[in-house]
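What's in my_file.txt: compact mmCIF, C-alpha atoms
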# COMPACT_ATOMS: atom_id res chain seq x y z
CA MET K 19 187.81 94.23 101.36
CA PRO K 20 186.64 96.52 98.52
CA GLY K 21 183.42 95.65 96.73
CA ALA K 22 182.92 94.77 93.07
CA ILE K 23 183.14 98.49 92.28
CA TYR K 24 185.42 100.65 94.38
CA ALA K 25 186.61 104.24 93.96
CA GLU K 26 188.65 106.45 96.23
CA GLY K 27 189.27 110.17 95.81
CA LEU K 28 188.36 110.42 92.11
CA VAL K 29 189.04 113.87 90.64
CA LYS K 30 188.39 114.93 87.06
CA THR K 31 188.33 118.42 85.59
CA PHE K 32 187.27 119.74 82.19
CA GLY K 33 188.72 123.22 81.84
CA ASP K 34 187.30 125.24 84.72
CA VAL K 35 184.67 122.59 85.55
CA ARG K 36 185.52 120.17 88.34
CA ALA K 37 183.28 117.29 87.27
CA LEU K 38 184.54 114.97 90.03
CA ASP K 39 185.79 116.44 93.27
CA GLY K 40 187.04 113.55 95.41
CA VAL K 41 184.38 110.89 94.82
CA ASP K 42 184.45 107.71 96.94
CA LEU K 43 182.28 104.69 96.06
CA ASP K 44 182.01 101.10 97.26
CA VAL K 45 179.50 98.68 95.74
CA PRO K 46 179.32 95.17 97.28
CA GLU K 47 179.05 92.24 94.90
CA GLY K 48 175.50 91.43 93.79
CA THR K 49 174.01 94.77 94.83
CA VAL K 50 172.80 97.95 93.11
CA LEU K 51 174.23 101.37 93.90
CA GLY K 52 172.09 104.26 92.70
CA LEU K 53 174.06 107.39 91.81
CA LEU K 54 171.43 110.09 92.13
CA GLY K 55 171.78 113.67 90.96
CA PRO K 56 171.06 116.15 88.16
CA ASN K 57 173.06 116.35 84.95
CA GLY K 58 176.27 118.21 85.71
CA ALA K 59 176.58 116.52 89.09
CA GLY K 60 179.36 114.18 87.95
CA LYS K 61 177.47 110.91 87.47
CA THR K 62 178.37 110.30 83.84
CA THR K 63 181.97 111.33 84.41
CA ALA K 64 182.24 108.79 87.24
CA VAL K 65 180.88 106.06 84.95
CA ARG K 66 183.35 106.97 82.21
CA VAL K 67 186.25 106.74 84.63
CA LEU K 68 185.11 103.40 86.06
CA THR K 69 184.56 101.92 82.58
CA THR K 70 188.05 103.07 81.38
CA LEU K 71 186.69 105.54 78.81
CA ILE K 72 188.53 108.47 80.44
CA ARG K 73 191.34 108.71 82.99
CA PRO K 74 190.89 110.63 86.24
CA ASP K 75 193.26 113.43 87.16
CA SER K 76 193.80 111.68 90.49
CA GLY K 77 192.32 108.94 92.63
CA ARG K 78 192.03 105.18 92.45
CA ALA K 79 189.39 102.82 91.08
CA VAL K 80 189.01 99.04 91.14
CA VAL K 81 186.34 97.14 89.20
CA ALA K 82 185.81 93.38 89.49
CA GLY K 83 189.05 93.14 91.45
CA THR K 84 191.15 94.90 88.79
CA ASP K 85 192.73 98.34 88.95
CA VAL K 86 191.09 100.51 86.28
CA LEU K 87 194.24 102.51 85.50
CA GLU K 88 196.77 99.68 85.60
CA HIS K 89 194.82 97.01 83.67
CA PRO K 90 192.05 98.70 81.63
CA ASP K 91 191.80 95.86 79.08
CA GLU K 92 191.10 93.33 81.81
CA VAL K 93 188.44 95.63 83.31
CA ARG K 94 186.72 95.94 79.93
CA ARG K 95 186.40 92.17 79.69
CA SER K 96 184.55 92.12 83.02
CA ILE K 97 181.97 94.87 82.50
CA GLY K 98 178.92 95.84 80.49
CA LEU K 99 177.93 99.44 79.77
CA SER K 100 174.56 100.88 78.78
CA GLY K 101 174.75 104.63 78.29
CA GLN K 102 172.31 107.52 78.10
CA PHE K 103 171.86 106.97 74.37
CA ALA K 104 171.29 103.63 72.67
CA ALA K 105 174.72 102.72 71.24
CA VAL K 106 173.48 100.60 68.35
CA ASP K 107 174.28 100.67 64.64
CA GLU K 108 171.07 101.89 63.01
CA TYR K 109 171.88 100.26 59.67
CA LEU K 110 172.38 96.79 61.12
CA THR K 111 169.52 94.58 62.20
CA GLY K 112 168.99 93.81 65.85
CA ARG K 113 170.49 90.36 65.35
CA GLU K 114 173.51 91.77 63.49
CA ASN K 115 174.12 94.33 66.24
CA LEU K 116 174.32 91.64 68.92
CA ARG K 117 176.47 89.33 66.82
CA MET K 118 178.85 92.21 66.12
CA VAL K 119 179.26 92.89 69.83
CA GLY K 120 179.90 89.20 70.44
CA ARG K 121 182.66 89.20 67.84
CA LEU K 122 184.15 92.36 69.41
CA TYR K 123 184.36 90.35 72.62
CA GLN K 124 186.23 87.73 70.57
CA MET K 125 183.48 85.14 70.85
CA ARG K 126 183.41 82.42 68.19
CA ALA K 127 180.87 83.00 65.44
CA GLY K 128 178.61 80.16 66.60
CA ALA K 129 178.68 81.32 70.22
CA ALA K 130 177.96 84.93 69.21
CA LYS K 131 174.99 83.79 67.10
CA ALA K 132 173.57 81.65 69.90
CA ARG K 133 173.99 84.42 72.46
CA ALA K 134 172.35 86.97 70.15
CA ASP K 135 169.33 84.69 69.64
CA GLU K 136 169.05 84.11 73.40
CA LEU K 137 169.10 87.84 74.20
CA LEU K 138 166.64 88.72 71.43
CA GLU K 139 164.15 86.34 73.03
CA ARG K 140 164.87 87.58 76.54
CA PHE K 141 164.32 91.21 75.60
CA HIS K 142 161.20 90.53 73.50
CA LEU K 143 162.93 91.55 70.26
CA ALA K 144 162.82 88.24 68.38
CA ASP K 145 159.98 89.36 66.10
CA ALA K 146 162.02 92.42 65.06
CA ALA K 147 165.41 90.68 65.02
CA ASP K 148 165.91 91.01 61.26
CA ARG K 149 164.74 94.61 60.96
CA GLN K 150 167.23 97.48 60.83
CA ALA K 151 167.61 99.13 64.23
CA ARG K 152 166.63 102.50 62.73
CA THR K 153 163.06 101.14 62.44
CA TYR K 154 162.90 100.40 66.19
CA SER K 155 160.98 102.51 68.67
CA GLY K 156 162.87 104.28 71.46
CA GLY K 157 162.00 101.55 73.94
CA MET K 158 163.12 98.80 71.53
CA ARG K 159 166.44 100.55 70.90
CA ARG K 160 167.04 100.88 74.60
CA ARG K 161 166.31 97.18 75.12
CA LEU K 162 168.66 96.30 72.26
CA ASP K 163 171.37 98.48 73.80
CA LEU K 164 170.98 96.74 77.15
CA ALA K 165 171.06 93.35 75.44
CA ALA K 166 174.32 94.35 73.73
CA ALA K 167 175.81 95.25 77.11
CA LEU K 168 175.00 91.73 78.31
CA VAL K 169 176.40 89.74 75.39
CA ALA K 170 179.48 88.66 77.33
CA SER K 171 177.53 87.99 80.57
CA PRO K 172 179.58 90.54 82.56
CA PRO K 173 179.64 90.25 86.36
CA VAL K 174 179.58 94.06 86.67
CA MET K 175 177.19 96.37 84.83
CA PHE K 176 177.09 100.15 84.49
CA MET K 177 173.84 101.80 83.43
CA ASP K 178 174.01 105.53 82.84
CA GLU K 179 170.44 106.89 82.97
CA PRO K 180 169.13 103.87 81.03
CA THR K 181 165.46 104.89 81.07
CA THR K 182 165.79 108.57 80.16
CA GLY K 183 163.19 109.44 77.54
CA LEU K 184 161.24 106.19 77.85
CA ASP K 185 157.50 106.09 78.43
CA PRO K 186 156.27 104.62 81.74
CA ARG K 187 155.53 101.18 80.24
CA ASN K 188 158.99 100.76 78.73
CA ARG K 189 160.57 102.09 81.91
CA GLN K 190 158.75 99.47 83.97
CA GLU K 191 159.89 96.73 81.58
CA LEU K 192 163.53 97.77 81.89
CA TRP K 193 163.23 97.88 85.67
CA GLY K 194 162.07 94.28 85.56
CA VAL K 195 165.11 93.31 83.49
CA VAL K 196 167.43 95.05 85.96
CA GLU K 197 165.85 93.21 88.88
CA GLU K 198 166.36 89.88 87.06
CA LEU K 199 170.03 90.68 86.47
CA VAL K 200 170.68 91.52 90.10
CA ALA K 201 168.79 88.44 91.28
CA GLY K 202 171.24 86.45 89.15
CA GLY K 203 174.24 87.96 90.96
CA THR K 204 175.16 90.91 88.74
CA THR K 205 176.64 93.97 90.45
CA LEU K 206 175.20 97.21 89.10
CA LEU K 207 176.03 100.89 89.29
CA LEU K 208 173.00 102.84 88.11
CA THR K 209 172.97 106.58 87.50
CA THR K 210 169.58 108.21 87.38
CA GLN K 211 167.62 111.42 87.76
CA TYR K 212 164.42 109.49 88.40
CA LEU K 213 163.88 109.36 92.14
CA GLU K 214 161.31 106.58 91.80
CA GLU K 215 163.88 104.52 89.88
CA ALA K 216 166.50 104.80 92.62
CA ASP K 217 163.85 104.07 95.26
CA ARG K 218 162.79 100.85 93.55
CA LEU K 219 166.09 99.42 92.28
CA ALA K 220 168.95 100.55 94.50
CA HIS K 221 170.10 98.79 97.66
CA ASP K 222 172.13 101.90 98.50
CA ILE K 223 172.06 105.43 97.13
CA CYS K 224 174.75 108.09 96.77
CA VAL K 225 173.45 111.61 96.25
CA VAL K 226 175.88 113.54 94.04
CA ASP K 227 175.97 117.29 93.49
CA HIS K 228 178.73 119.43 91.94
CA GLY K 229 181.14 116.51 91.73
CA ARG K 230 180.83 115.44 95.36
CA VAL K 231 178.98 112.67 97.18
CA ILE K 232 176.91 114.69 99.64
CA ALA K 233 174.97 111.81 101.23
CA ARG K 234 174.76 108.04 101.10
CA GLY K 235 172.66 105.29 102.61
CA THR K 236 169.59 103.18 101.92
CA SER K 237 166.45 104.85 100.67
CA ASP K 238 164.89 104.63 104.14
CA GLN K 239 168.01 105.99 105.85
CA LEU K 240 168.10 109.00 103.54
CA LYS K 241 164.39 109.64 104.02
CA ASP K 242 164.81 109.53 107.80
CA ARG K 243 167.32 112.41 107.51
CA THR K 244 164.52 114.72 106.38
CA GLY K 245 162.48 114.24 109.53
CA GLY K 246 160.61 110.96 109.26
CA GLU K 247 156.83 110.80 109.16
CA ARG K 248 154.50 113.76 108.99
CA VAL K 249 150.80 114.22 109.67
CA GLU K 250 149.10 116.47 107.12
CA VAL K 251 145.68 117.94 107.83
CA VAL K 252 143.44 120.12 105.67
CA VAL K 253 140.80 121.90 107.75
CA HIS K 254 137.43 122.86 106.26
CA GLU K 255 137.28 126.43 107.60
CA PRO K 256 140.16 128.94 107.73
CA GLU K 257 138.91 130.05 111.16
CA MET K 258 139.87 126.67 112.62
CA ILE K 259 143.54 126.80 111.58
CA ASP K 260 144.74 128.10 114.97
CA ASP K 261 142.80 125.48 116.93
CA ALA K 262 144.04 122.72 114.65
CA ARG K 263 147.60 123.99 115.01
CA ASP K 264 147.36 123.78 118.78
CA VAL K 265 146.13 120.19 118.52
CA LEU K 266 148.88 119.11 116.12
CA ALA K 267 151.58 120.79 118.20
CA ARG K 268 150.92 118.22 120.97
CA TYR K 269 152.12 115.48 118.61
CA GLY K 270 155.27 117.16 117.31
CA VAL K 271 158.37 114.99 117.69
CA ALA K 272 160.29 117.69 119.59
CA GLY K 273 157.51 118.32 122.06
CA ALA K 274 154.77 120.92 122.19
CA GLY K 275 155.16 124.26 120.51
CA ARG K 276 153.29 126.12 117.79
CA GLY K 277 156.46 126.72 115.78
CA GLU K 278 156.76 123.01 114.92
CA VAL K 279 153.58 123.02 112.84
CA SER K 280 153.87 124.44 109.34
CA VAL K 281 150.79 126.10 107.89
CA GLU K 282 149.77 126.89 104.32
CA GLU K 283 147.07 129.47 104.84
CA HIS K 284 145.74 129.48 101.25
CA THR K 285 145.23 125.70 101.17
CA ARG K 286 144.33 125.41 104.90
CA LYS K 287 146.90 122.62 105.20
CA LEU K 288 148.87 121.99 108.39
CA THR K 289 151.87 119.68 108.67
CA VAL K 290 153.73 118.38 111.72
CA PRO K 291 156.58 115.84 112.03
CA VAL K 292 155.53 112.89 114.21
CA THR K 293 156.42 109.43 115.41
CA GLY K 294 153.94 106.65 116.09
CA GLY K 295 152.73 105.63 112.65
CA ALA K 296 149.16 105.19 111.45
CA LYS K 297 147.71 104.55 114.92
CA LEU K 298 148.46 108.19 115.71
CA LEU K 299 145.91 109.37 113.12
CA ALA K 300 142.95 108.14 115.18
CA GLU K 301 144.11 110.19 118.16
CA VAL K 302 144.62 113.31 116.04
CA ILE K 303 141.17 112.96 114.49
CA ARG K 304 139.61 112.54 117.96
CA ASP K 305 141.34 115.66 119.32
CA LEU K 306 140.45 117.75 116.27
CA ASP K 307 136.83 116.69 116.63
CA ALA K 308 136.92 117.65 120.30
CA VAL K 309 137.79 121.27 119.41
CA GLY K 310 135.25 121.37 116.60
CA ALA K 311 137.78 121.44 113.76
CA GLU K 312 136.11 119.85 110.73
CA ILE K 313 138.67 118.35 108.34
CA ASP K 314 138.59 117.87 104.57
CA ASP K 315 141.61 115.58 104.49
CA ILE K 316 144.12 113.92 106.79
CA GLY K 317 147.00 111.59 106.13
CA LEU K 318 150.35 110.22 107.27
CA ARG K 319 153.14 110.94 104.83
CA ARG K 320 156.71 109.66 104.65
CA PRO K 321 159.28 111.84 102.92
CA THR K 322 160.13 110.92 99.34
CA LEU K 323 163.56 110.87 97.72
CA ASP K 324 162.51 114.13 96.09
CA ASP K 325 162.19 115.63 99.58
CA VAL K 326 165.62 114.21 100.43
CA PHE K 327 167.23 115.69 97.34
CA ILE K 328 165.74 119.13 97.92
CA SER K 329 166.73 119.13 101.59
CA LEU K 330 170.32 118.13 100.74
CA THR K 331 170.95 120.31 97.69
CA GLY K 332 168.45 123.15 98.02
CA HIS K 333 166.98 122.39 94.58
CA ALA K 334 165.04 119.69 92.78
CA ALA K 335 166.67 117.05 90.61
CA ASP K 336 166.49 119.28 87.54
CA ARG K 337 168.48 118.95 84.34
CA VAL K 338 171.48 121.24 84.65
CA GLU K 339 174.20 120.36 82.15
CA GLU K 340 177.86 121.19 82.47
CA GLU K 341 180.86 120.60 80.24
CA GLY K 342 182.06 117.02 80.44
CA GLU K 343 178.65 115.66 81.47
CA ARG K 344 176.92 115.82 78.11
CA GLU K 345 177.22 112.61 76.10
CA PRO K 346 176.57 113.16 72.36
CA ALA K 347 174.34 110.63 70.66
CA ALA K 348 176.79 110.31 67.79
CA GLY K 349 179.45 108.97 70.14
CA GLY K 350 177.44 105.91 71.16
CA ARG K 351 178.95 103.40 68.73
CA LYS K 352 182.50 104.57 69.44
CA ASN K 353 181.98 104.19 73.19
CA ARG K 354 180.59 100.66 72.75
CA LYS K 355 183.64 99.58 70.75
CA GLU K 356 186.08 101.28 73.15
CA ALA K 357 184.53 99.48 76.12
CA VAL K 358 185.10 96.02 74.65
CA LYS K 359 188.58 96.38 73.15

Kindly transcribe the structure held in the file into structure tokens.
Amino acid sequence: MPGAIYAEGLVKTFGDVRALDGVDLDVPEGTVLGLLGPNGAGKTTAVRVLTTLIRPDSGRAVVAGTDVLEHPDEVRRSIGLSGQFAAVDEYLTGRENLRMVGRLYQMRAGAAKARADELLERFHLADAADRQARTYSGGMRRRLDLAAALVASPPVMFMDEPTTGLDPRNRQELWGVVEELVAGGTTLLLTTQYLEEADRLAHDICVVDHGRVIARGTSDQLKDRTGGERVEVVVHEPEMIDDARDVLARYGVAGAGRGEVSVEEHTRKLTVPVTGGAKLLAEVIRDLDAVGAEIDDIGLRRPTLDDVFISLTGHAADRVEEEGEREPAAGGRKNRKEAVK
């Protein structure tokens, strides 16, 4: 049975750009799917299709049990959307913004007021509730935008790079809010370029590049694809590099052989993929000492999601923009109103 968010064979083109090229997604209820990739990869386009803001050229999508193409109005009543740019009215106060969204969801005036007050407290905005949003800091605007997406308590949330441009403190605060939402049963699709963000928040991750899902799995599963653990050693003297390489080659996962050990001559660092965990380090240190190789540093390193992304795509998660992926800041208010019609 499909999850709370399901997509099959989504295709969307903008002129010569194929923003989505047969994307399949399946997000179980109450979990977080991280859609990881650079701008231009198709993440924002996928979100726009799933939230009914644009129609795909082909493919099928179901959100909260409702077909996106056949019953878009019903889908909109079941979702919340927080985009790359804070979709708030700068000339309304924080309180007025949230009440307006409540009324757009056809809530009674009293219910909209009560919900706005509740969310202002929850997002630590109560002290600024009656200030115009244009006086808010970037982090406050982003929190207000997320609060607006939650006015109707949607069972399914879409967050399109919600922490882009935030300082580390505000980013950590928003991560805490996301974790609270998911703990309460919300299903979330999160697009991000921040590898640390996907690592912390997502139960499963889809790596997207050039409109295709090129890998999927848990963070640990994806990291295992890059070769698992590695021992890194920095020797004190360049003359000991060969001896140290011979020692490390004994611990290589594919057996002995000098070719398994990578060497950076200028930094005197040697790296070898291993299995065995931290207990292996003591044996390596003993064997290096036996051949007289003094070391400046040694450690056991697991691959990061950055390593995964580079190994899968051949480049880092940089910011490459393509037509159809750029979301103008001026369109924020329009998108908010479209999503709740």

Requested in this report: Find the residues around K:Thr244 up to 10 Å (all atoms listed in the file counted), leave out those fewer than 6 positions away in its own chain, and share them as a ChimeraX atom specification.
Outcome: /K:291,320-323,325-330

Distance table requested - stretch 210-265 of chain K against stretch 34-49 of chain K, cut-off 10 Å, all atoms listed in the file: one row per qualifying residue with the closest atom pair and its distance in Å to one decimal, ordered by chain and rising residue number, as a Markdown table.
| residue | atom | partner | partner_atom | distance |
| --- | --- | --- | --- | --- |
| K:Leu219 | CA | K:Thr49 | CA | 9.5 |
| K:Ala220 | CA | K:Thr49 | CA | 7.7 |
| K:His221 | CA | K:Thr49 | CA | 6.3 |
| K:Asp222 | CA | K:Thr49 | CA | 8.2 |
| K:Cys224 | CA | K:Leu43 | CA | 8.3 |
| K:Val226 | CA | K:Val41 | CA | 8.9 |
| K:Asp227 | CA | K:Leu38 | CA | 9.5 |
| K:His228 | CA | K:Ala37 | CA | 6.9 |
| K:Gly229 | CA | K:Leu38 | CA | 4.1 |
| K:Arg230 | CA | K:Asp39 | CA | 5.5 |
| K:Val231 | CA | K:Val41 | CA | 6.2 |
| K:Ile232 | CA | K:Val41 | CA | 9.7 |
| K:Arg234 | CA | K:Leu43 | CA | 9.7 |

Those selected residues, please, written with C-alpha atoms and delivered as a PDB file, in the frame of the given file.
ATOM      1  CA  LEU K 219     166.090  99.420  92.280  1.00  0.00           C
ATOM      2  CA  ALA K 220     168.950 100.550  94.500  1.00  0.00           C
ATOM      3  CA  HIS K 221     170.100  98.790  97.660  1.00  0.00           C
ATOM      4  CA  ASP K 222     172.130 101.900  98.500  1.00  0.00           C
ATOM      5  CA  CYS K 224     174.750 108.090  96.770  1.00  0.00           C
ATOM      6  CA  VAL K 226     175.880 113.540  94.040  1.00  0.00           C
ATOM      7  CA  ASP K 227     175.970 117.290  93.490  1.00  0.00           C
ATOM      8  CA  HIS K 228     178.730 119.430  91.940  1.00  0.00           C
ATOM      9  CA  GLY K 229     181.140 116.510  91.730  1.00  0.00           C
ATOM     10  CA  ARG K 230     180.830 115.440  95.360  1.00  0.00           C
ATOM     11  CA  VAL K 231     178.980 112.670  97.180  1.00  0.00           C
ATOM     12  CA  ILE K 232     176.910 114.690  99.640  1.00  0.00           C
ATOM     13  CA  ARG K 234     174.760 108.040 101.100  1.00  0.00           C
TER      14      ARG K 234
END

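Distance-wise, atom CA of K:Arg78 and atom CA of K:Glu26 end up 5.2 Å apart.
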
Can you tell me, as a short mmCIF file (atom, residue, chain, number, x, y, z; two decimals) with C-alpha atoms, in the frame of the given file, which residues sit within 10 Å of (174.6, 100.5, 64.4) in the file's frame, using all atoms listed in the file?
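Output contents, as saved in result-v9.cif:
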data_model
loop_
_atom_site.label_atom_id
_atom_site.label_comp_id
_atom_site.auth_asym_id
_atom_site.auth_seq_id
_atom_site.Cartn_x
_atom_site.Cartn_y
_atom_site.Cartn_z
CA ALA K 104 171.29 103.63 72.67
CA ALA K 105 174.72 102.72 71.24
CA VAL K 106 173.48 100.60 68.35
CA ASP K 107 174.28 100.67 64.64
CA GLU K 108 171.07 101.89 63.01
CA TYR K 109 171.88 100.26 59.67
CA LEU K 110 172.38 96.79 61.12
CA THR K 111 169.52 94.58 62.20
CA GLY K 112 168.99 93.81 65.85
CA GLU K 114 173.51 91.77 63.49
CA ASN K 115 174.12 94.33 66.24
CA LEU K 116 174.32 91.64 68.92
CA MET K 118 178.85 92.21 66.12
CA GLN K 150 167.23 97.48 60.83
CA ALA K 151 167.61 99.13 64.23
CA ARG K 152 166.63 102.50 62.73
CA GLY K 350 177.44 105.91 71.16
CA ARG K 351 178.95 103.40 68.73
#

Query raised in the report: Interatomic distance between atom CA of K:Glu92 and atom CA of K:Leu206?
Result: 17.9 Å

Query - Polymer residues at most 8 Å from K:Val253, all atoms listed in the file, same-chain spacing of 3 or more positions, as a PyMOL selection string - result: chain K and resi 256+258-259+262+286-287+311-315

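The two atoms in question, atom CA of K:Glu214 and atom CA of K:Leu318, are spaced 19.3 Å apart.
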
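Candidate residues K:Leu138, K:Met177, K:Val302, K:Leu192 were compared for distance to K:Arg263, and the nearest is K:Val302, using all atoms listed in the file.
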
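The shortest atom-to-atom distance to K:Pro173, with all atoms listed in the file taken into account, belongs to K:Ser96 out of K:Ser96, K:Leu28, K:Ile303, K:Gly101.
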
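The shortest atom-to-atom distance to K:Gln190, with all atoms listed in the file taken into account, belongs to K:Gly157 out of K:Gly203, K:Gly294, K:Gly157, K:Gly128.
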
Requested in this report: Around the point (163.8, 104.0, 81.5), in the coordinates given by the file, pick out the residues reaching within 12 Å, counting all atoms listed in the file, and return them as an NGL selection string.
Outcome: :K and (100-104 or 156-161 or 164 or 177-196 or 208-216 or 219)

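Distance annotation: of K:Arg113, K:Arg73, K:Lys241, K:Arg319, the residue with the minimal separation from K:Ala132 is K:Arg113; atom set is only C-alpha atoms.
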
Find the smallest box with edges along x, y and z containing every listed atom of stretch 153-172 of chain K, then add 4 Å on each side and report centre and edge lengths in Å to one decimal, as AutoDock Vina command-line options.
--center_x 170.3 --center_y 96.1 --center_z 72.5 --size_x 26.6 --size_y 24.3 --size_z 28.1

Query - Residue nearest K:Val50 among K:Val200, K:Leu299, K:Leu162, K:Leu306 (counting all atoms listed in the file) - result: K:Val200

Requested in this report: Considering all atoms listed in the file, state which residue in the set K:Leu99, K:Leu298, K:Leu288, K:Leu240 is at the smallest distance from K:Asp163.
Outcome: K:Leu99

With all heavy atoms as the goal, would you fill in the gaps in stretch 27-34 of chain K and present it as a compact mmCIF listing (two decimals), keeping the file's coordinate frame?
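Written output follows (selection12.txt):
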# COMPACT_ATOMS: atom_id res chain seq x y z
N GLY K 27 188.70 108.88 96.12
CA GLY K 27 189.27 110.17 95.81
C GLY K 27 189.34 110.53 94.34
O GLY K 27 190.28 111.21 93.91
N LEU K 28 188.32 110.13 93.55
CA LEU K 28 188.36 110.42 92.11
C LEU K 28 188.18 111.91 91.84
O LEU K 28 187.23 112.54 92.33
CB LEU K 28 187.27 109.65 91.38
CG LEU K 28 187.42 108.12 91.30
CD1 LEU K 28 186.27 107.53 90.49
CD2 LEU K 28 188.76 107.73 90.70
N VAL K 29 189.10 112.47 91.06
CA VAL K 29 189.04 113.87 90.64
C VAL K 29 189.18 113.94 89.13
O VAL K 29 190.04 113.27 88.54
CB VAL K 29 190.16 114.70 91.30
CG1 VAL K 29 190.19 116.13 90.74
CG2 VAL K 29 190.01 114.73 92.82
N LYS K 30 188.30 114.72 88.50
CA LYS K 30 188.39 114.93 87.06
C LYS K 30 187.90 116.33 86.72
O LYS K 30 186.82 116.73 87.16
CB LYS K 30 187.55 113.90 86.29
CG LYS K 30 187.64 114.03 84.78
CD LYS K 30 189.04 113.74 84.26
CE LYS K 30 189.13 113.87 82.75
NZ LYS K 30 190.52 113.62 82.27
N THR K 31 188.71 117.07 85.98
CA THR K 31 188.33 118.42 85.59
C THR K 31 188.26 118.51 84.07
O THR K 31 188.99 117.83 83.35
CB THR K 31 189.33 119.46 86.12
OG1 THR K 31 190.64 119.13 85.62
CG2 THR K 31 189.35 119.47 87.64
N PHE K 32 187.37 119.38 83.60
CA PHE K 32 187.27 119.74 82.19
C PHE K 32 187.36 121.25 82.12
O PHE K 32 186.37 121.95 82.39
CB PHE K 32 185.95 119.25 81.58
CG PHE K 32 185.78 117.75 81.60
CD1 PHE K 32 185.12 117.12 82.65
CD2 PHE K 32 186.28 116.98 80.58
CE1 PHE K 32 184.95 115.75 82.66
CE2 PHE K 32 186.13 115.60 80.59
CZ PHE K 32 185.46 114.99 81.63
N GLY K 33 188.54 121.77 81.81
CA GLY K 33 188.72 123.22 81.84
C GLY K 33 188.52 123.74 83.24
O GLY K 33 189.20 123.31 84.18
N ASP K 34 187.58 124.66 83.40
CA ASP K 34 187.30 125.24 84.72
C ASP K 34 186.28 124.42 85.51
O ASP K 34 186.00 124.74 86.66
CB ASP K 34 186.78 126.68 84.57
CG ASP K 34 187.82 127.61 83.98
OD1 ASP K 34 189.03 127.34 84.18
OD2 ASP K 34 187.44 128.59 83.31
